[in-house]
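Pasting entry04.txt here (compact mmCIF, C-alpha atoms):
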```txt
# COMPACT_ATOMS: atom_id res chain seq x y z
CA MET A 1 0.00 0.00 0.00
CA SER A 2 1.45 3.42 -0.95
CA ASP A 3 2.31 5.84 1.81
CA ASP A 4 0.28 8.55 0.09
CA ILE A 5 -2.59 6.76 -1.63
CA ILE A 6 -4.91 4.15 -0.16
CA ASP A 7 -6.33 1.79 -2.75
CA VAL A 8 -10.09 2.06 -3.31
CA ARG A 9 -10.29 -1.70 -2.74
CA VAL A 10 -9.01 -1.23 0.80
CA TRP A 11 -11.72 1.31 1.55
CA ARG A 12 -14.34 -1.09 0.19
CA GLN A 13 -12.91 -3.79 2.43
CA PHE A 14 -12.94 -1.47 5.43
CA LEU A 15 -16.56 -0.50 4.75
CA ALA A 16 -17.67 -4.13 4.39
CA VAL A 17 -16.15 -5.04 7.77
CA ALA A 18 -17.54 -1.87 9.37
CA GLU A 19 -21.06 -2.61 8.14
CA LEU A 20 -21.11 -6.33 8.93
CA LEU A 21 -18.77 -6.30 11.95
CA HIS A 22 -17.67 -9.77 10.95
CA PHE A 23 -14.54 -10.57 8.94
CA GLY A 24 -15.87 -13.86 7.59
CA ARG A 25 -19.14 -12.43 6.26
CA ALA A 26 -17.33 -9.35 4.91
CA ALA A 27 -14.95 -11.62 3.00
CA GLN A 28 -17.93 -13.47 1.50
CA ARG A 29 -19.51 -10.18 0.39
CA LEU A 30 -16.24 -9.17 -1.23
CA HIS A 31 -15.76 -12.58 -2.88
CA MET A 32 -12.40 -13.13 -1.22
CA THR A 33 -10.96 -15.29 1.53
CA GLN A 34 -10.68 -14.02 5.05
CA PRO A 35 -6.86 -13.95 5.55
CA PRO A 36 -6.17 -11.34 2.81
CA LEU A 37 -9.02 -9.22 4.18
CA THR A 38 -7.61 -9.36 7.71
CA MET A 39 -4.16 -8.44 6.40
CA ALA A 40 -5.54 -5.48 4.41
CA ILE A 41 -7.31 -4.05 7.49
CA GLN A 42 -4.17 -4.50 9.57
CA GLN A 43 -2.12 -2.63 6.98
CA LEU A 44 -4.72 0.15 6.96
CA GLU A 45 -4.50 0.44 10.74
CA ARG A 46 -0.73 0.58 10.58
CA ARG A 47 -1.05 3.31 7.96
CA PHE A 48 -3.09 5.42 10.41
CA GLY A 49 -1.12 4.34 13.45
CA LEU A 50 -4.21 3.41 15.47
CA PRO A 51 -6.79 0.60 15.55
CA LEU A 52 -10.01 0.91 13.58
CA PHE A 53 -11.62 -2.25 15.00
CA VAL A 54 -11.69 -3.93 18.36
CA ARG A 55 -11.50 -7.70 17.92
CA SER A 56 -12.46 -10.26 20.49
CA ARG A 57 -13.12 -13.97 20.25
CA ARG A 58 -16.85 -13.31 20.02
CA ALA A 59 -17.28 -9.97 18.26
CA VAL A 60 -15.81 -7.18 16.16
CA ALA A 61 -16.55 -3.54 17.03
CA LEU A 62 -15.53 -0.19 15.62
CA THR A 63 -13.20 2.04 17.57
CA PRO A 64 -14.07 5.77 17.70
CA ALA A 65 -11.58 6.35 14.87
CA GLY A 66 -13.13 3.60 12.77
CA ALA A 67 -16.67 4.83 13.45
CA ALA A 68 -15.66 8.36 12.40
CA LEU A 69 -14.51 7.04 9.00
CA VAL A 70 -17.64 5.07 8.05
CA LEU A 71 -19.86 7.91 6.75
CA PRO A 72 -17.19 9.84 4.80
CA VAL A 73 -15.84 6.61 3.28
CA ARG A 74 -19.37 5.57 2.24
CA GLN A 75 -20.00 9.00 0.68
CA TRP A 76 -16.62 9.05 -1.05
CA LEU A 77 -17.14 5.61 -2.57
CA ALA A 78 -20.66 6.62 -3.71
CA GLN A 79 -19.26 9.74 -5.37
CA GLY A 80 -16.65 7.64 -7.11
CA GLU A 81 -19.35 5.32 -8.43
CA ALA A 82 -21.38 8.32 -9.61
CA LEU A 83 -18.36 9.75 -11.42
CA SER A 84 -17.67 6.43 -13.12
CA SER A 85 -21.31 6.16 -14.14
CA LEU A 86 -21.28 9.74 -15.44
CA ALA A 87 -18.13 9.10 -17.49
CA ARG A 88 -19.63 5.95 -19.03
CA ALA A 89 -22.88 7.77 -19.81
CA ALA A 90 -21.00 10.65 -21.41
CA GLY A 91 -18.92 8.25 -23.49
CA GLN A 92 -22.10 6.55 -24.68
CA GLY A 93 -23.86 9.84 -25.49
CA ASP A 94 -26.43 9.57 -22.71
CA VAL A 95 -25.35 12.75 -20.94
CA GLY A 96 -23.92 16.02 -22.19
CA ARG A 97 -24.88 19.13 -24.12
CA LEU A 98 -26.16 19.53 -27.68
CA ARG A 99 -25.87 22.96 -29.31
CA LEU A 100 -28.62 22.84 -31.94
CA GLY A 101 -29.40 25.43 -34.59
CA PHE A 102 -32.69 25.52 -36.50
CA VAL A 103 -34.47 27.58 -39.12
CA SER A 104 -37.72 29.19 -38.03
CA THR A 105 -39.89 27.22 -40.47
CA LEU A 106 -39.19 23.97 -38.63
CA GLY A 107 -40.76 25.47 -35.52
CA PHE A 108 -44.13 25.36 -37.33
CA GLY A 109 -43.57 21.68 -38.09
CA PRO A 110 -42.18 18.68 -36.22
CA LEU A 111 -39.40 20.34 -34.20
CA PRO A 112 -41.37 20.81 -30.93
CA ASP A 113 -42.46 17.15 -30.91
CA TRP A 114 -38.94 15.98 -31.75
CA LEU A 115 -37.44 17.99 -28.91
CA ARG A 116 -40.00 16.70 -26.43
CA GLY A 117 -39.44 13.10 -27.47
CA PHE A 118 -35.65 13.43 -27.39
CA ARG A 119 -35.69 14.97 -23.93
CA GLU A 120 -37.98 12.23 -22.65
CA ARG A 121 -35.61 9.58 -23.98
CA HIS A 122 -32.38 11.35 -23.01
CA PRO A 123 -33.19 13.54 -19.99
CA ARG A 124 -29.52 14.06 -19.11
CA ILE A 125 -28.68 15.69 -22.44
CA GLU A 126 -29.10 19.46 -22.33
CA VAL A 127 -30.31 20.88 -25.65
CA GLU A 128 -29.23 24.46 -26.27
CA LEU A 129 -31.37 25.93 -29.07
CA ARG A 130 -30.37 28.69 -31.49
CA GLU A 131 -32.91 29.96 -34.03
CA VAL A 132 -30.65 31.03 -36.88
CA THR A 133 -30.68 31.00 -40.67
CA THR A 134 -28.71 28.54 -42.77
CA ASP A 135 -25.85 30.94 -43.51
CA VAL A 136 -25.38 31.75 -39.82
CA GLN A 137 -25.40 28.05 -38.99
CA LEU A 138 -22.65 27.33 -41.50
CA GLU A 139 -20.54 30.08 -39.98
CA ALA A 140 -21.24 28.73 -36.49
CA PHE A 141 -20.13 25.26 -37.59
CA ALA A 142 -16.91 26.75 -38.94
CA GLN A 143 -16.30 28.47 -35.59
CA GLY A 144 -17.08 25.32 -33.59
CA GLU A 145 -20.16 26.93 -32.02
CA LEU A 146 -22.77 24.40 -33.20
CA ASP A 147 -22.99 20.62 -32.87
CA ALA A 148 -25.95 20.10 -35.23
CA GLY A 149 -28.48 22.20 -37.09
CA PHE A 150 -31.61 22.10 -39.22
CA MET A 151 -31.06 23.99 -42.49
CA LEU A 152 -33.41 25.05 -45.28
CA HIS A 153 -32.44 24.60 -48.92
CA ALA A 154 -33.74 23.67 -52.36
CA SER A 155 -34.44 19.97 -52.94
CA ALA A 156 -32.51 19.55 -56.16
CA ILE A 157 -29.45 21.47 -55.05
CA GLY A 158 -28.85 20.67 -51.38
CA PRO A 159 -27.00 22.75 -48.84
CA GLY A 160 -23.52 22.10 -50.32
CA LEU A 161 -21.89 20.73 -47.20
CA GLU A 162 -19.24 18.35 -48.46
CA ASP A 163 -16.41 20.88 -48.51
CA ALA A 164 -17.31 22.03 -45.00
CA GLY A 165 -16.83 18.54 -43.55
CA LEU A 166 -20.51 18.15 -42.70
CA GLU A 167 -23.03 15.35 -43.08
CA ALA A 168 -26.75 15.83 -43.79
CA LEU A 169 -30.00 13.92 -43.35
CA ARG A 170 -33.14 15.14 -45.12
CA VAL A 171 -35.96 15.39 -42.59
CA VAL A 172 -38.65 17.43 -44.39
CA GLU A 173 -39.48 17.91 -48.05
CA GLU A 174 -42.38 20.12 -49.07
CA PRO A 175 -43.62 22.28 -51.92
CA LEU A 176 -43.59 26.03 -51.99
CA VAL A 177 -46.97 27.77 -51.89
CA LEU A 178 -48.00 31.34 -52.55
CA ALA A 179 -48.77 33.90 -49.89
CA LEU A 180 -50.93 36.68 -51.34
CA PRO A 181 -52.46 39.84 -49.86
CA GLU A 182 -56.07 39.09 -49.01
CA ALA A 183 -57.29 42.17 -50.88
CA HIS A 184 -55.37 41.32 -54.06
CA PRO A 185 -57.50 40.19 -57.04
CA LEU A 186 -55.35 37.05 -57.41
CA ALA A 187 -56.28 35.96 -53.88
CA THR A 188 -59.87 35.24 -54.90
CA ALA A 189 -59.48 34.58 -58.64
CA ALA A 190 -60.97 31.29 -59.81
CA ARG A 191 -57.74 30.54 -61.64
CA LEU A 192 -54.36 32.13 -61.19
CA SER A 193 -53.00 33.75 -64.35
CA LEU A 194 -49.39 32.72 -64.72
CA ALA A 195 -48.39 35.96 -66.44
CA ALA A 196 -50.19 38.07 -63.83
CA LEU A 197 -48.65 36.15 -60.96
CA LEU A 198 -45.07 36.39 -62.24
CA ALA A 199 -45.52 40.12 -62.77
CA GLN A 200 -46.36 40.77 -59.11
CA PRO A 201 -43.81 42.41 -56.81
CA LEU A 202 -42.01 39.73 -54.84
CA VAL A 203 -41.26 39.57 -51.13
CA ILE A 204 -38.39 37.14 -50.59
CA PHE A 205 -35.55 36.28 -48.23
CA PRO A 206 -32.03 37.53 -49.05
CA ARG A 207 -29.98 35.16 -51.18
CA ALA A 208 -27.28 34.97 -48.50
CA ILE A 209 -29.44 33.09 -46.01
CA ALA A 210 -30.55 30.27 -48.37
CA PRO A 211 -28.79 30.65 -51.74
CA SER A 212 -29.95 27.36 -53.27
CA LEU A 213 -33.63 28.10 -52.59
CA PHE A 214 -33.34 31.73 -53.68
CA ASP A 215 -31.67 30.69 -56.94
CA ALA A 216 -34.28 27.98 -57.55
CA VAL A 217 -37.16 30.47 -57.22
CA LEU A 218 -35.52 32.95 -59.56
CA ALA A 219 -34.67 30.19 -62.04
CA CYS A 220 -38.35 29.25 -62.14
CA TYR A 221 -39.25 32.82 -63.14
CA HIS A 222 -36.57 32.79 -65.84
CA ARG A 223 -37.82 29.48 -67.28
CA HIS A 224 -41.17 31.16 -67.86
CA GLY A 225 -39.58 34.20 -69.49
CA ALA A 226 -40.13 36.49 -66.52
CA ALA A 227 -37.79 38.61 -64.44
CA PRO A 228 -38.73 38.70 -60.75
CA ARG A 229 -39.49 42.18 -59.43
CA ILE A 230 -38.17 42.04 -55.88
CA ALA A 231 -40.03 44.61 -53.79
CA GLN A 232 -38.70 43.71 -50.36
CA GLU A 233 -36.35 41.23 -48.68
CA ALA A 234 -36.80 39.90 -45.15
CA ILE A 235 -34.96 37.22 -43.19
CA GLN A 236 -37.71 35.51 -41.18
CA MET A 237 -40.72 33.82 -42.79
CA GLN A 238 -42.98 35.45 -40.20
CA THR A 239 -41.78 38.86 -41.37
CA ILE A 240 -42.26 37.91 -45.02
CA VAL A 241 -45.86 36.92 -44.32
CA ASN A 242 -46.45 40.15 -42.40
CA LEU A 243 -45.12 42.17 -45.34
CA VAL A 244 -47.45 40.29 -47.69
CA SER A 245 -50.38 41.12 -45.41
CA ALA A 246 -49.41 44.79 -45.73
CA GLY A 247 -49.72 44.51 -49.52
CA LEU A 248 -46.02 44.85 -50.40
CA GLY A 249 -46.13 41.88 -52.76
CA VAL A 250 -46.54 38.12 -53.04
CA ALA A 251 -44.22 35.50 -51.58
CA TRP A 252 -43.21 31.91 -52.17
CA VAL A 253 -43.12 30.18 -48.78
CA PRO A 254 -42.68 26.57 -47.59
CA GLU A 255 -45.98 24.77 -47.22
CA VAL A 256 -45.56 24.50 -43.44
CA VAL A 257 -45.78 28.30 -43.16
CA THR A 258 -49.50 28.02 -43.93
CA LYS A 259 -49.84 27.13 -40.24
CA LEU A 260 -49.01 30.77 -39.55
CA GLN A 261 -52.47 32.30 -39.82
CA ARG A 262 -52.08 36.02 -40.35
CA SER A 263 -55.02 38.30 -41.09
CA GLY A 264 -54.72 39.86 -44.51
CA VAL A 265 -52.94 36.85 -46.05
CA VAL A 266 -54.29 34.08 -48.28
CA TYR A 267 -52.26 30.95 -49.09
CA ARG A 268 -52.73 29.29 -52.46
CA ALA A 269 -51.10 26.36 -54.20
CA LEU A 270 -49.05 27.16 -57.29
CA PRO A 271 -51.08 27.06 -60.53
CA PRO A 272 -50.50 23.85 -62.51
CA SER A 273 -48.66 25.74 -65.24
CA LEU A 274 -46.14 26.89 -62.64
CA ALA A 275 -46.14 23.89 -60.32
CA THR A 276 -44.59 21.58 -62.90
CA GLY A 277 -40.87 21.93 -62.41
CA ALA A 278 -41.28 24.41 -59.59
CA PRO A 279 -38.68 24.19 -56.82
CA ARG A 280 -39.39 22.24 -53.69
CA CYS A 281 -37.67 22.97 -50.42
CA GLU A 282 -36.03 20.65 -47.96
CA THR A 283 -34.98 20.90 -44.36
CA SER A 284 -31.93 18.82 -43.50
CA LEU A 285 -30.34 17.91 -40.20
CA VAL A 286 -26.65 18.75 -40.51
CA TRP A 287 -23.76 17.68 -38.26
CA ARG A 288 -20.00 17.34 -38.33
CA ARG A 289 -18.26 14.27 -39.64
CA GLU A 290 -16.90 12.14 -36.80
CA PRO A 291 -19.56 13.47 -34.40
CA SER A 292 -19.58 13.24 -30.63
CA ALA A 293 -21.60 10.48 -28.99
CA VAL A 294 -24.29 13.01 -28.00
CA VAL A 295 -24.70 14.13 -31.62
CA GLU A 296 -24.86 10.50 -32.74
CA ARG A 297 -27.67 9.93 -30.24
CA PHE A 298 -29.60 12.90 -31.67
CA VAL A 299 -29.07 11.84 -35.28
CA GLU A 300 -30.24 8.31 -34.45
CA PHE A 301 -33.34 9.70 -32.76
CA ILE A 302 -34.25 12.01 -35.65
CA ARG A 303 -33.61 9.26 -38.19
CA ALA A 304 -36.04 6.99 -36.32
CA ALA A 305 -38.59 9.75 -35.69
CA GLN A 306 -39.28 10.77 -39.27
CA PRO A 307 -42.90 11.91 -39.42
CA PRO A 308 -45.37 10.10 -41.68
CA ARG A 309 -46.22 11.69 -44.99
CA ARG A 310 -48.36 14.70 -44.19
CA ARG A 311 -51.53 15.70 -45.96
CA SER A 312 -51.36 18.97 -47.83
CA PRO A 313 -52.91 21.94 -46.00
CA ARG A 314 -56.07 23.50 -47.30
CA THR A 315 -54.64 25.90 -49.81
CA ARG A 316 -56.80 27.05 -52.65
CA SER A 317 -55.94 25.54 -56.00
CA GLY A 318 -54.72 27.86 -58.73
```
Could you quickly redo this structure as structure tokens?
Amino acid sequence: MSDDIIDVRVWRQFLAVAELLHFGRAAQRLHMTQPPLTMAIQQLERRFGLPLFVRSRRAVALTPAGAALVLPVRQWLAQGEALSSLARAAGQGDVGRLRLGFVSTLGFGPLPDWLRGFRERHPRIEVELREVTTDVQLEAFAQGELDAGFMLHASAIGPGLEDAGLEALRVVEEPLVLALPEAHPLATAARLSLAALLAQPLVIFPRAIAPSLFDAVLACYHRHGAAPRIAQEAIQMQTIVNLVSAGLGVAWVPEVVTKLQRSGVVYRALPPSLATGAPRCETSLVWRREPSAVVERFVEFIRAAQPPRRRSPRTRSG
């Protein structure tokens, strides 16, 4: 036994004898024979320079010094077990922190249910949420400030993550629908005129926050021989819808945004002449290659929790 460090096994042996007050039964609990146990306690007493047990032919009792050690030794051993358990849990991804970015549109969809389910399954993982756009998430990944994130992009193009050392899992795919001012003639027209629609001022997000989706929308205009007339840009979908309600223009928004009921706004499906070949948008879960165990746990959960195919909301047909 070292002069400075007492082996954890010795403290377990001391505690077994102190609790049972019988060397034979303590040895049985410890799955060892009695002589080595007796020798270990004797060495411990020599280490302290005073007896910890009083032995007689009929009984074993604690000395005041031995009795004083029982509670702190029991607590110390319990703390050691807790630390070992915590380390194993952390290594397996059952405890830790997940810094998670997400685009606002996912908040209208499955994100709240996913978070609730993940926290129920992994209560010792702290989820730190950041509502940020795709471009900000990519920068945060580069700075090591995010562990995973939900990003919005065009279906056919993808978020372009390979060069950034990131992996992606598609979690939502949906069409774009039109948000129109309620007072606009196109909001109540029996059929949407393609030429009239493409001539309307457009409210759209800046290209920087979702370049693939921005480019896909503009490419759709160009395929139909039209040049989009951008009246206003806004970052958040809620703001875009509010600007539409104020009559600043029309907007192409992910289908899930129709859950945002705003007075002065009507949602309509794209007219058939525009819907064919129109861009669709995706939301992907993105994480670093060679992820931590906590991130692996989250990816596994999201992969298994993919929602069933949703019915389209009640948007008016063009």
Could you check which of A:Ile302, A:Leu30, A:Ala183, A:Leu106 is closest to A:Arg9, using all atoms listed in the file?
->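 Selected residue with least distance to A:Arg9: A:Leu30.
Counting all atoms listed in the file, the residue from A:Arg25, A:Arg191, A:Arg297, A:Arg207 that sits nearest to A:Arg268 is A:Arg191.
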Between atom CA of A:Tyr221 and atom CA of A:Gly277, measure the distance and give it in Å to one decimal.
-> 11.0 Å
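In this model, the gap between atom CA of A:Pro112 and atom CA of A:Phe298 comes to 14.2 Å.
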Between A:Pro279, A:Ala67, A:Asn242, A:Phe150, which one has atoms that come closest to A:Pro110, using all atoms listed in the file?
->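 Smallest distance to A:Pro110 is found for A:Phe150.
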